[in-house]
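Student: File final.cif follows (mmCIF, C-alpha atoms and all ligand atoms):
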```
data_structure
#
loop_
_atom_site.label_atom_id
_atom_site.label_comp_id
_atom_site.auth_asym_id
_atom_site.auth_seq_id
_atom_site.Cartn_x
_atom_site.Cartn_y
_atom_site.Cartn_z
CA MET A 1 108.88 89.22 23.55
CA ALA A 2 109.70 86.38 21.16
CA LEU A 3 112.91 86.90 19.23
CA VAL A 4 111.57 84.76 16.41
CA LEU A 5 107.99 85.03 15.12
CA LEU A 6 106.22 82.23 13.29
CA GLU A 7 103.37 82.71 10.84
CA ARG A 8 101.84 79.75 9.05
CA GLU A 9 100.48 80.30 5.56
CA GLY A 10 99.26 76.96 4.26
CA ALA A 11 102.26 74.67 3.86
CA VAL A 12 104.71 77.59 4.23
CA VAL A 13 105.88 78.95 7.56
CA VAL A 14 107.37 82.43 7.65
CA VAL A 15 110.00 82.71 10.39
CA THR A 16 110.74 86.35 11.17
CA LEU A 17 113.77 87.47 13.16
CA ASN A 18 112.34 89.89 15.70
CA ARG A 19 115.02 92.03 17.30
CA PRO A 20 114.50 95.17 15.24
CA GLU A 21 116.03 97.57 17.76
CA LYS A 22 119.38 95.81 17.27
CA LEU A 23 118.92 95.20 13.54
CA ASN A 24 118.33 91.51 14.30
CA ALA A 25 121.84 91.02 15.66
CA LEU A 26 122.14 87.27 16.19
CA SER A 27 122.44 87.00 19.96
CA GLU A 28 122.70 83.69 21.75
CA PRO A 29 119.02 83.78 22.83
CA LEU A 30 117.92 84.64 19.29
CA MET A 31 119.98 81.82 17.76
CA THR A 32 118.67 79.38 20.37
CA GLU A 33 115.07 80.32 19.54
CA LEU A 34 115.76 80.20 15.82
CA VAL A 35 117.41 76.78 15.88
CA SER A 36 114.69 75.27 18.05
CA ALA A 37 111.93 76.76 15.84
CA LEU A 38 113.59 75.43 12.69
CA GLU A 39 114.08 71.97 14.20
CA GLU A 40 110.44 71.86 15.24
CA LEU A 41 109.20 72.99 11.84
CA ASP A 42 111.51 70.53 10.11
CA ALA A 43 109.91 67.69 12.06
CA ASP A 44 106.40 68.75 10.99
CA PRO A 45 105.35 66.95 7.79
CA GLU A 46 102.72 69.61 7.09
CA VAL A 47 105.46 72.22 6.62
CA ARG A 48 106.80 72.08 3.08
CA CYS A 49 108.86 75.27 2.92
CA ILE A 50 110.28 77.69 5.48
CA LEU A 51 110.79 81.37 4.65
CA LEU A 52 113.32 83.12 6.89
CA ALA A 53 113.04 86.90 6.93
CA GLY A 54 114.03 89.97 8.91
CA SER A 55 112.63 93.49 8.74
CA ASP A 56 112.65 95.99 5.88
CA LYS A 57 115.80 97.56 7.36
CA ALA A 58 117.75 94.46 8.29
CA PHE A 59 117.76 90.74 7.66
CA ALA A 60 120.47 90.60 10.33
CA ALA A 61 123.43 92.94 10.98
CA GLY A 62 125.64 90.10 12.18
CA ALA A 63 126.47 88.25 15.34
CA ASP A 64 125.83 90.31 18.45
CA VAL A 65 129.03 92.33 18.77
CA ALA A 66 128.42 93.10 22.44
CA GLU A 67 128.16 89.38 23.18
CA LEU A 68 131.20 88.52 21.11
CA ALA A 69 133.19 91.15 22.99
CA ALA A 70 132.22 89.53 26.28
CA PHE A 71 133.29 86.01 25.27
CA SER A 72 136.83 84.70 25.22
CA GLY A 73 137.88 82.33 22.43
CA PRO A 74 138.09 79.37 24.83
CA GLU A 75 134.59 80.19 26.12
CA LEU A 76 133.22 80.25 22.56
CA TYR A 77 134.92 76.91 21.91
CA ALA A 78 133.82 75.30 25.17
CA GLY A 79 130.23 76.55 24.78
CA ARG A 80 130.06 75.12 21.23
CA ARG A 81 128.33 78.37 20.35
CA VAL A 82 129.24 78.50 16.69
CA GLU A 83 128.81 74.73 16.30
CA ARG A 84 125.14 75.27 17.06
CA TRP A 85 124.86 76.86 13.62
CA ASP A 86 125.44 73.37 12.16
CA ALA A 87 121.81 72.65 13.03
CA LEU A 88 120.86 74.82 10.05
CA ARG A 89 122.61 72.38 7.73
CA ARG A 90 120.49 69.54 9.06
CA VAL A 91 117.18 71.24 8.18
CA ARG A 92 115.76 69.23 5.28
CA THR A 93 112.66 71.32 4.63
CA PRO A 94 113.48 73.81 1.87
CA LEU A 95 114.76 76.91 3.66
CA VAL A 96 114.56 80.21 1.81
CA ALA A 97 116.08 83.47 3.03
CA ALA A 98 114.16 86.64 2.14
CA VAL A 99 116.67 89.45 2.62
CA SER A 100 115.86 93.14 2.88
CA GLY A 101 118.33 95.75 4.10
CA PHE A 102 121.48 94.87 6.02
CA CYS A 103 122.72 91.32 5.70
CA LEU A 104 126.14 91.51 7.29
CA GLY A 105 128.62 89.22 9.03
CA GLY A 106 126.78 86.37 10.72
CA GLY A 107 123.60 87.62 9.02
CA CYS A 108 125.15 87.01 5.62
CA GLU A 109 126.39 83.63 6.85
CA LEU A 110 122.87 82.77 8.01
CA ALA A 111 121.45 83.66 4.60
CA LEU A 112 124.20 81.67 2.86
CA ALA A 113 123.30 78.62 4.98
CA CYS A 114 119.78 78.65 3.51
CA ASP A 115 118.94 76.75 0.32
CA LEU A 116 118.04 79.88 -1.59
CA ILE A 117 118.40 83.63 -1.13
CA LEU A 118 115.78 86.04 -2.46
CA ALA A 119 116.71 89.68 -2.02
CA SER A 120 114.86 92.97 -1.98
CA GLU A 121 116.58 95.54 -4.15
CA THR A 122 117.50 97.29 -0.86
CA ALA A 123 119.54 94.32 0.39
CA VAL A 124 123.20 94.89 1.27
CA PHE A 125 125.53 91.95 1.77
CA GLY A 126 128.91 92.06 3.49
CA GLN A 127 131.42 90.36 5.76
CA PRO A 128 132.89 93.17 7.85
CA GLU A 129 134.49 90.92 10.49
CA THR A 130 138.17 91.64 9.81
CA GLY A 131 137.43 95.29 10.57
CA LEU A 132 136.53 94.09 14.07
CA GLY A 133 139.70 92.03 14.41
CA ILE A 134 137.96 88.69 13.86
CA ILE A 135 137.01 86.61 10.82
CA PRO A 136 133.71 85.22 9.52
CA GLY A 137 133.20 82.09 11.59
CA ALA A 138 129.91 80.54 10.55
CA GLY A 139 130.59 79.74 6.90
CA GLY A 140 131.38 83.18 5.49
CA THR A 141 134.75 82.28 4.02
CA GLN A 142 133.57 78.87 2.84
CA ARG A 143 130.07 79.39 1.45
CA LEU A 144 130.81 82.83 0.03
CA ALA A 145 133.84 81.45 -1.84
CA ARG A 146 131.81 78.51 -3.13
CA ALA A 147 128.89 80.70 -4.22
CA ALA A 148 130.77 83.66 -5.65
CA GLY A 149 134.31 82.40 -6.28
CA LYS A 150 137.67 83.27 -4.73
CA ALA A 151 138.10 86.74 -6.24
CA LEU A 152 134.86 88.20 -4.92
CA ALA A 153 135.11 86.39 -1.57
CA MET A 154 138.60 87.83 -1.04
CA ASP A 155 137.37 91.29 -2.06
CA VAL A 156 134.33 91.24 0.24
CA VAL A 157 136.13 89.71 3.24
CA LEU A 158 139.46 91.56 3.01
CA THR A 159 138.17 95.04 2.09
CA GLY A 160 134.80 94.87 3.87
CA ARG A 161 133.13 96.03 0.66
CA ARG A 162 129.36 95.63 0.67
CA LEU A 163 127.50 94.11 -2.26
CA SER A 164 124.22 95.47 -3.56
CA ALA A 165 121.40 93.02 -4.23
CA GLU A 166 122.06 93.18 -7.95
CA GLU A 167 125.82 92.58 -7.50
CA ALA A 168 125.03 89.67 -5.19
CA ARG A 169 122.70 88.24 -7.82
CA SER A 170 125.20 88.52 -10.63
CA ALA A 171 127.86 86.97 -8.36
CA GLY A 172 125.66 83.93 -7.68
CA LEU A 173 124.75 84.55 -4.03
CA VAL A 174 121.19 85.60 -4.71
CA ALA A 175 118.66 83.85 -6.92
CA ARG A 176 116.26 86.73 -7.54
CA VAL A 177 116.10 90.46 -6.80
CA LEU A 178 112.62 91.61 -5.79
CA PRO A 179 111.07 95.10 -5.75
CA ALA A 180 111.46 96.93 -2.41
CA ALA A 181 107.71 97.53 -2.17
CA SER A 182 106.73 93.87 -2.49
CA TRP A 183 109.79 91.81 -1.50
CA LEU A 184 108.09 89.84 1.24
CA ALA A 185 104.89 89.11 -0.70
CA ASP A 186 106.96 88.14 -3.74
CA ALA A 187 109.18 85.89 -1.62
CA LYS A 188 106.08 84.23 -0.17
CA ALA A 189 104.83 83.57 -3.69
CA VAL A 190 108.12 81.81 -4.52
CA THR A 191 107.92 79.67 -1.37
CA ALA A 192 104.30 78.75 -2.20
CA GLU A 193 105.57 77.42 -5.55
CA ILE A 194 108.26 75.41 -3.77
CA ALA A 195 105.71 74.06 -1.27
CA ALA A 196 103.40 72.92 -4.07
CA LYS A 197 105.85 70.32 -5.41
CA ALA A 198 106.52 66.82 -4.07
CA PRO A 199 108.14 67.31 -0.63
CA LEU A 200 110.46 64.29 -0.61
CA ALA A 201 111.62 65.04 -4.15
CA GLN A 202 112.28 68.67 -3.16
CA ARG A 203 114.44 67.59 -0.23
CA LEU A 204 116.39 65.04 -2.23
CA ALA A 205 116.90 67.50 -5.08
CA ALA A 206 118.26 70.15 -2.71
CA GLU A 207 120.56 67.64 -1.01
CA SER A 208 121.77 66.55 -4.42
CA ILE A 209 122.59 70.13 -5.42
CA ASP A 210 124.50 70.58 -2.15
CA ARG A 211 126.51 67.47 -3.04
CA ALA A 212 127.79 69.32 -6.10
CA PHE A 213 129.84 71.51 -3.76
CA GLU A 214 131.08 68.74 -1.52
CA SER A 215 132.02 65.81 -3.70
CA PRO A 216 133.74 64.88 -6.96
CA LEU A 217 131.46 64.84 -10.02
CA THR A 218 131.19 61.04 -10.25
CA ALA A 219 130.16 60.77 -6.59
CA GLY A 220 127.66 63.62 -7.05
CA LEU A 221 126.17 61.98 -10.14
CA ASP A 222 125.91 58.69 -8.29
CA TYR A 223 124.11 60.39 -5.39
CA GLU A 224 121.75 62.12 -7.82
CA ARG A 225 120.91 58.88 -9.66
CA ARG A 226 120.21 57.00 -6.44
CA SER A 227 118.04 59.85 -5.22
CA LEU A 228 116.04 59.69 -8.46
CA GLU A 229 115.60 55.93 -7.99
CA LEU A 230 114.45 56.57 -4.42
CA THR A 231 111.90 59.18 -5.55
CA LEU A 232 110.50 56.73 -8.11
CA ALA A 233 109.58 54.46 -5.21
CA THR A 234 107.38 57.12 -3.59
CA ASP A 235 103.60 57.49 -3.81
CA ASP A 236 104.12 61.10 -4.83
CA ALA A 237 106.07 60.05 -7.92
CA GLN A 238 103.22 57.75 -8.97
CA GLU A 239 100.78 60.60 -8.34
CA GLY A 240 102.89 63.21 -10.17
CA LEU A 241 103.49 61.03 -13.23
CA GLN A 242 99.85 59.87 -13.40
CA ALA A 243 98.56 63.41 -12.96
CA PHE A 244 100.63 64.51 -15.95
CA LEU A 245 99.30 61.66 -18.08
CA GLU A 246 95.73 62.38 -16.95
CA LYS A 247 96.19 66.12 -17.60
CA ARG A 248 95.30 67.12 -14.04
CA GLU A 249 97.01 68.81 -11.09
CA PRO A 250 98.90 66.39 -8.78
CA ARG A 251 97.98 66.01 -5.11
CA PHE A 252 101.21 65.35 -3.23
CA ARG A 253 101.06 63.79 0.22
CA GLY A 254 104.73 63.67 1.13
CA SER A 255 104.88 59.88 1.08
N1 LIG A 301 125.63 93.50 17.18
C1 LIG A 301 125.06 94.18 18.19
N2 LIG A 301 124.34 95.31 18.03
C2 LIG A 301 124.19 95.77 16.77
C3 LIG A 301 124.75 95.11 15.66
C4 LIG A 301 125.50 93.93 15.89
N3 LIG A 301 126.03 93.22 14.90
N4 LIG A 301 124.42 95.82 14.55
C5 LIG A 301 123.69 96.85 14.95
N5 LIG A 301 123.54 96.84 16.30
C6 LIG A 301 122.80 97.78 17.13
C7 LIG A 301 123.52 99.10 17.29
O1 LIG A 301 124.50 99.02 18.29
C8 LIG A 301 122.38 100.02 17.63
O2 LIG A 301 122.04 99.81 18.99
P1 LIG A 301 121.77 101.07 19.95
O3 LIG A 301 120.62 101.80 19.31
O4 LIG A 301 121.44 100.48 21.27
O5 LIG A 301 123.02 101.89 19.93
C9 LIG A 301 121.22 99.47 16.81
O6 LIG A 301 121.58 98.13 16.49
C10 LIG A 301 121.01 100.22 15.52
O7 LIG A 301 122.24 100.22 14.81
P2 LIG A 301 122.91 101.56 14.25
O8 LIG A 301 122.51 102.75 15.07
O9 LIG A 301 124.36 101.31 14.10
O10 LIG A 301 122.19 101.67 12.82
P3 LIG A 301 122.76 102.36 11.51
O11 LIG A 301 121.63 102.37 10.54
O12 LIG A 301 123.42 103.66 11.84
O13 LIG A 301 123.92 101.40 10.99
C11 LIG A 301 124.90 99.24 10.40
C12 LIG A 301 123.60 100.11 10.52
C13 LIG A 301 125.80 99.83 9.33
C14 LIG A 301 124.43 97.85 10.02
C15 LIG A 301 125.63 99.23 11.77
O14 LIG A 301 124.70 98.95 12.80
C16 LIG A 301 126.74 98.23 11.84
O15 LIG A 301 127.80 98.47 11.30
N6 LIG A 301 126.50 97.09 12.55
C17 LIG A 301 127.51 96.06 12.77
C18 LIG A 301 127.76 95.27 11.50
C19 LIG A 301 128.86 94.26 11.75
O16 LIG A 301 130.00 94.60 11.98
N7 LIG A 301 128.49 92.97 11.69
C20 LIG A 301 129.42 91.88 11.91
C21 LIG A 301 129.36 91.46 13.34
S1 LIG A 301 130.57 90.22 13.74
C22 LIG A 301 129.94 88.79 13.11
O17 LIG A 301 128.86 88.74 12.56
C23 LIG A 301 130.80 87.58 13.29
C24 LIG A 301 130.07 86.29 12.94
C25 LIG A 301 130.86 85.15 13.49
C26 LIG A 301 130.08 83.81 13.47
C27 LIG A 301 129.01 83.68 14.50
C28 LIG A 301 129.53 83.51 15.88
C29 LIG A 301 128.47 83.27 16.93
#
```
Rewrite the structure from the file as structure tokens, please.

Tutor:
Amino acid sequence: MALVLLEREGAVVVVTLNRPEKLNALSEPLMTELVSALEELDADPEVRCILLAGSDKAFAAGADVAELAAFSGPELYAGRRVERWDALRRVRTPLVAAVSGFCLGGGCELALACDLILASETAVFGQPETGLGIIPGAGGTQRLARAAGKALAMDVVLTGRRLSAEEARSAGLVARVLPAASWLADAKAVTAEIAAKAPLAQRLAAESIDRAFESPLTAGLDYERRSLELTLATDDAQEGLQAFLEKREPRFRGS
């Protein structure tokens, strides 16, 4: 059975992690399927937003502990297993995580690697790795600290404390908390809004926001300005600006 399910809804594709019996633990086969699905979708110009979800009970309960226990450090290094996660960073199509239930360890790192996290009120975030004798290794210490600050990152990583959806929202990890009964439908509605806007502008805007965490302000502002200039050269900018002036809805083509 596929470990990752794809469902196309207009310009949005919902990618569902499908290993419910193991709470979507991120095994090597699952990550391989996920990365190849995301790369394929990213290359498809018809896809304007990707929604990554798990089940009601778990977005993902972490890396597969049984697999990790079977690997030595040198084997992990030689197999470039964790490096494969870098592929997520290269996805340009807006990538939204819809989190319900457990979002722990590598699962939390996977969500943090997305552009945006939407959470059901049942979502639980945590980085329990040091309780297993290891540390978060796919961005947990870095992205959590950038999103929520040093104090909370230290608290979550060093004590293993789990954050509720509301705590994660007030800490800056999560953009919106959604009702448990409608989290997936509500998340799809958000992605439909994202998919309705000019695709190239969406990508450049997201890249520009990411720059804010990776570069000094002047370099980030420079990148933002050049990205604006680039968008002004697109057909979609002409269409969007004209549509406003003509008081009609724009029809974006992604060019
Ligand atoms: N790995 C493998 N199997 C898992 C995992 C996991 N992370 N989480 C749950 N499972 C399995 C359980 O073993 C169980 O399987 P089985 O039925 O065959 O015994 C099944 O899923 C259901 O789980 P539980 O019975 O435990 O369900 P509960 O509702 O009682 O508990 C919990 C849910 C609290 C989420 C519990 O399952 C748990 O604590 N899971 C582990 C959480 C954890 O420690 N995650 C961190 C893992 S380490 C990590 O992510 C490092 C990332 C490093 C970067 C990436 C490197 C590749």

Student: As a PyMOL selection string, please: the residues near range 222-234 of chain A (cut-off 9 Å, only C-alpha atoms, same-chain neighbours under 2 positions excluded).

Tutor: chain A and resi 200-201+204-205+207-209+211+217-220+236-239+254-255

Student: Name the residues in contact with Asp64 in chain A at a cut-off of 7 Å, using all atoms listed in the file, excluding same-chain residues fewer than 4 positions from it; report them as a compact mmCIF listing (two decimals) with C-alpha atoms, keeping the file's coordinate frame.

Tutor:
```txt
# COMPACT_ATOMS: atom_id res chain seq x y z
CA ALA A 25 121.84 91.02 15.66
CA LEU A 26 122.14 87.27 16.19
CA SER A 27 122.44 87.00 19.96
CA LEU A 68 131.20 88.52 21.11
```

Student: Could you tell me which of A:Gln142, A:Asn24, A:Gln127, A:Thr93 comes closest to Arg203 in chain A if we count all atoms listed in the file?

Tutor: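 Among A:Gln142, A:Asn24, A:Gln127, A:Thr93, it is A:Thr93 that comes nearest to Arg203 in chain A.
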
Student: If you measure from CA of Leu178 in chain A to CA of Val190 in chain A, what distance in Å do you get, rounded to one decimal?

Tutor: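 We find that CA of Leu178 in chain A and CA of Val190 in chain A lie 10.9 Å from each other.
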
Student: Neighbours of ligand LIG 301 (chain A) at 6 Å or closer, counting all atoms listed in the file: which residues, as a VMD selection string?

Tutor: chain A and resid 21 to 23 25 61 to 66 81 to 82 102 104 to 106 128 to 129 136 to 138

Student: Could the residues in this selection be written to a file with C-alpha atoms, as an mmCIF file, in the frame of the given file?

Tutor:
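To be explicit, this is the file written out as selection29.cif:
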```cif
data_model
loop_
_atom_site.group_PDB
_atom_site.id
_atom_site.type_symbol
_atom_site.label_atom_id
_atom_site.label_comp_id
_atom_site.auth_asym_id
_atom_site.auth_seq_id
_atom_site.Cartn_x
_atom_site.Cartn_y
_atom_site.Cartn_z
ATOM 1 C CA GLU A 21 116.030 97.570 17.760
ATOM 2 C CA LYS A 22 119.380 95.810 17.270
ATOM 3 C CA LEU A 23 118.920 95.200 13.540
ATOM 4 C CA ALA A 25 121.840 91.020 15.660
ATOM 5 C CA ALA A 61 123.430 92.940 10.980
ATOM 6 C CA GLY A 62 125.640 90.100 12.180
ATOM 7 C CA ALA A 63 126.470 88.250 15.340
ATOM 8 C CA ASP A 64 125.830 90.310 18.450
ATOM 9 C CA VAL A 65 129.030 92.330 18.770
ATOM 10 C CA ALA A 66 128.420 93.100 22.440
ATOM 11 C CA ARG A 81 128.330 78.370 20.350
ATOM 12 C CA VAL A 82 129.240 78.500 16.690
ATOM 13 C CA PHE A 102 121.480 94.870 6.020
ATOM 14 C CA LEU A 104 126.140 91.510 7.290
ATOM 15 C CA GLY A 105 128.620 89.220 9.030
ATOM 16 C CA GLY A 106 126.780 86.370 10.720
ATOM 17 C CA PRO A 128 132.890 93.170 7.850
ATOM 18 C CA GLU A 129 134.490 90.920 10.490
ATOM 19 C CA PRO A 136 133.710 85.220 9.520
ATOM 20 C CA GLY A 137 133.200 82.090 11.590
ATOM 21 C CA ALA A 138 129.910 80.540 10.550
#
```

Student: From the set A:Gly139, A:Gly149, A:Gly79, A:Pro45, which residue has the shortest atom-to-atom contact distance to Arg92 in chain A, counting only C-alpha atoms?

Tutor: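 Result for the nearest residue to Arg92 in chain A: A:Pro45.
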
Student: Return the single residue from A:Asp44, A:Glu9, A:Asp210, A:Glu121 that is closest to Val177 in chain A, with distances computed using only C-alpha atoms.

Tutor: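 The closest residue to Val177 in chain A is A:Glu121.
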
Student: What is the distance, in Å and to one decimal place, between CA of Thr141 in chain A and CA of Ser55 in chain A?

Tutor: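 Taking CA of Thr141 in chain A as the start and CA of Ser55 in chain A as the end point, the length is 25.2 Å.
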
Student: Save range 108-120 of chain A to disk from that block, N, CA and C atoms included, as a PDB file, in the first residue's frame.

Tutor:
```
ATOM      1  N   CYS A 108       7.611  16.882  13.784  1.00  0.00           N
ATOM      2  CA  CYS A 108       7.597  18.322  14.046  1.00  0.00           C
ATOM      3  C   CYS A 108       8.590  19.025  13.106  1.00  0.00           C
ATOM      4  N   GLU A 109       9.726  18.364  12.871  1.00  0.00           N
ATOM      5  CA  GLU A 109      10.721  18.942  11.954  1.00  0.00           C
ATOM      6  C   GLU A 109      10.180  19.009  10.526  1.00  0.00           C
ATOM      7  N   LEU A 110       9.407  17.993  10.148  1.00  0.00           N
ATOM      8  CA  LEU A 110       8.795  17.993   8.817  1.00  0.00           C
ATOM      9  C   LEU A 110       7.808  19.154   8.696  1.00  0.00           C
ATOM     10  N   ALA A 111       6.989  19.336   9.721  1.00  0.00           N
ATOM     11  CA  ALA A 111       6.022  20.443   9.686  1.00  0.00           C
ATOM     12  C   ALA A 111       6.757  21.783   9.635  1.00  0.00           C
ATOM     13  N   LEU A 112       7.824  21.899  10.436  1.00  0.00           N
ATOM     14  CA  LEU A 112       8.579  23.157  10.472  1.00  0.00           C
ATOM     15  C   LEU A 112       9.267  23.458   9.140  1.00  0.00           C
ATOM     16  N   ALA A 113       9.518  22.424   8.346  1.00  0.00           N
ATOM     17  CA  ALA A 113      10.165  22.632   7.041  1.00  0.00           C
ATOM     18  C   ALA A 113       9.172  23.154   6.004  1.00  0.00           C
ATOM     19  N   CYS A 114       7.874  23.076   6.321  1.00  0.00           N
ATOM     20  CA  CYS A 114       6.860  23.582   5.383  1.00  0.00           C
ATOM     21  C   CYS A 114       6.798  25.110   5.478  1.00  0.00           C
ATOM     22  N   ASP A 115       6.129  25.724   4.493  1.00  0.00           N
ATOM     23  CA  ASP A 115       6.033  27.188   4.510  1.00  0.00           C
ATOM     24  C   ASP A 115       5.127  27.670   5.632  1.00  0.00           C
ATOM     25  N   LEU A 116       4.119  26.872   5.942  1.00  0.00           N
ATOM     26  CA  LEU A 116       3.063  27.327   6.847  1.00  0.00           C
ATOM     27  C   LEU A 116       2.530  26.117   7.593  1.00  0.00           C
ATOM     28  N   ILE A 117       2.238  26.299   8.891  1.00  0.00           N
ATOM     29  CA  ILE A 117       1.614  25.205   9.641  1.00  0.00           C
ATOM     30  C   ILE A 117       0.226  25.639  10.088  1.00  0.00           C
ATOM     31  N   LEU A 118      -0.776  24.822   9.723  1.00  0.00           N
ATOM     32  CA  LEU A 118      -2.139  24.999  10.216  1.00  0.00           C
ATOM     33  C   LEU A 118      -2.384  23.819  11.146  1.00  0.00           C
ATOM     34  N   ALA A 119      -2.971  24.083  12.311  1.00  0.00           N
ATOM     35  CA  ALA A 119      -3.086  22.998  13.285  1.00  0.00           C
ATOM     36  C   ALA A 119      -4.512  22.816  13.765  1.00  0.00           C
ATOM     37  N   SER A 120      -4.943  21.569  13.836  1.00  0.00           N
ATOM     38  CA  SER A 120      -6.191  21.257  14.531  1.00  0.00           C
ATOM     39  C   SER A 120      -5.977  21.569  16.010  1.00  0.00           C
TER      40      SER A 120
END
```
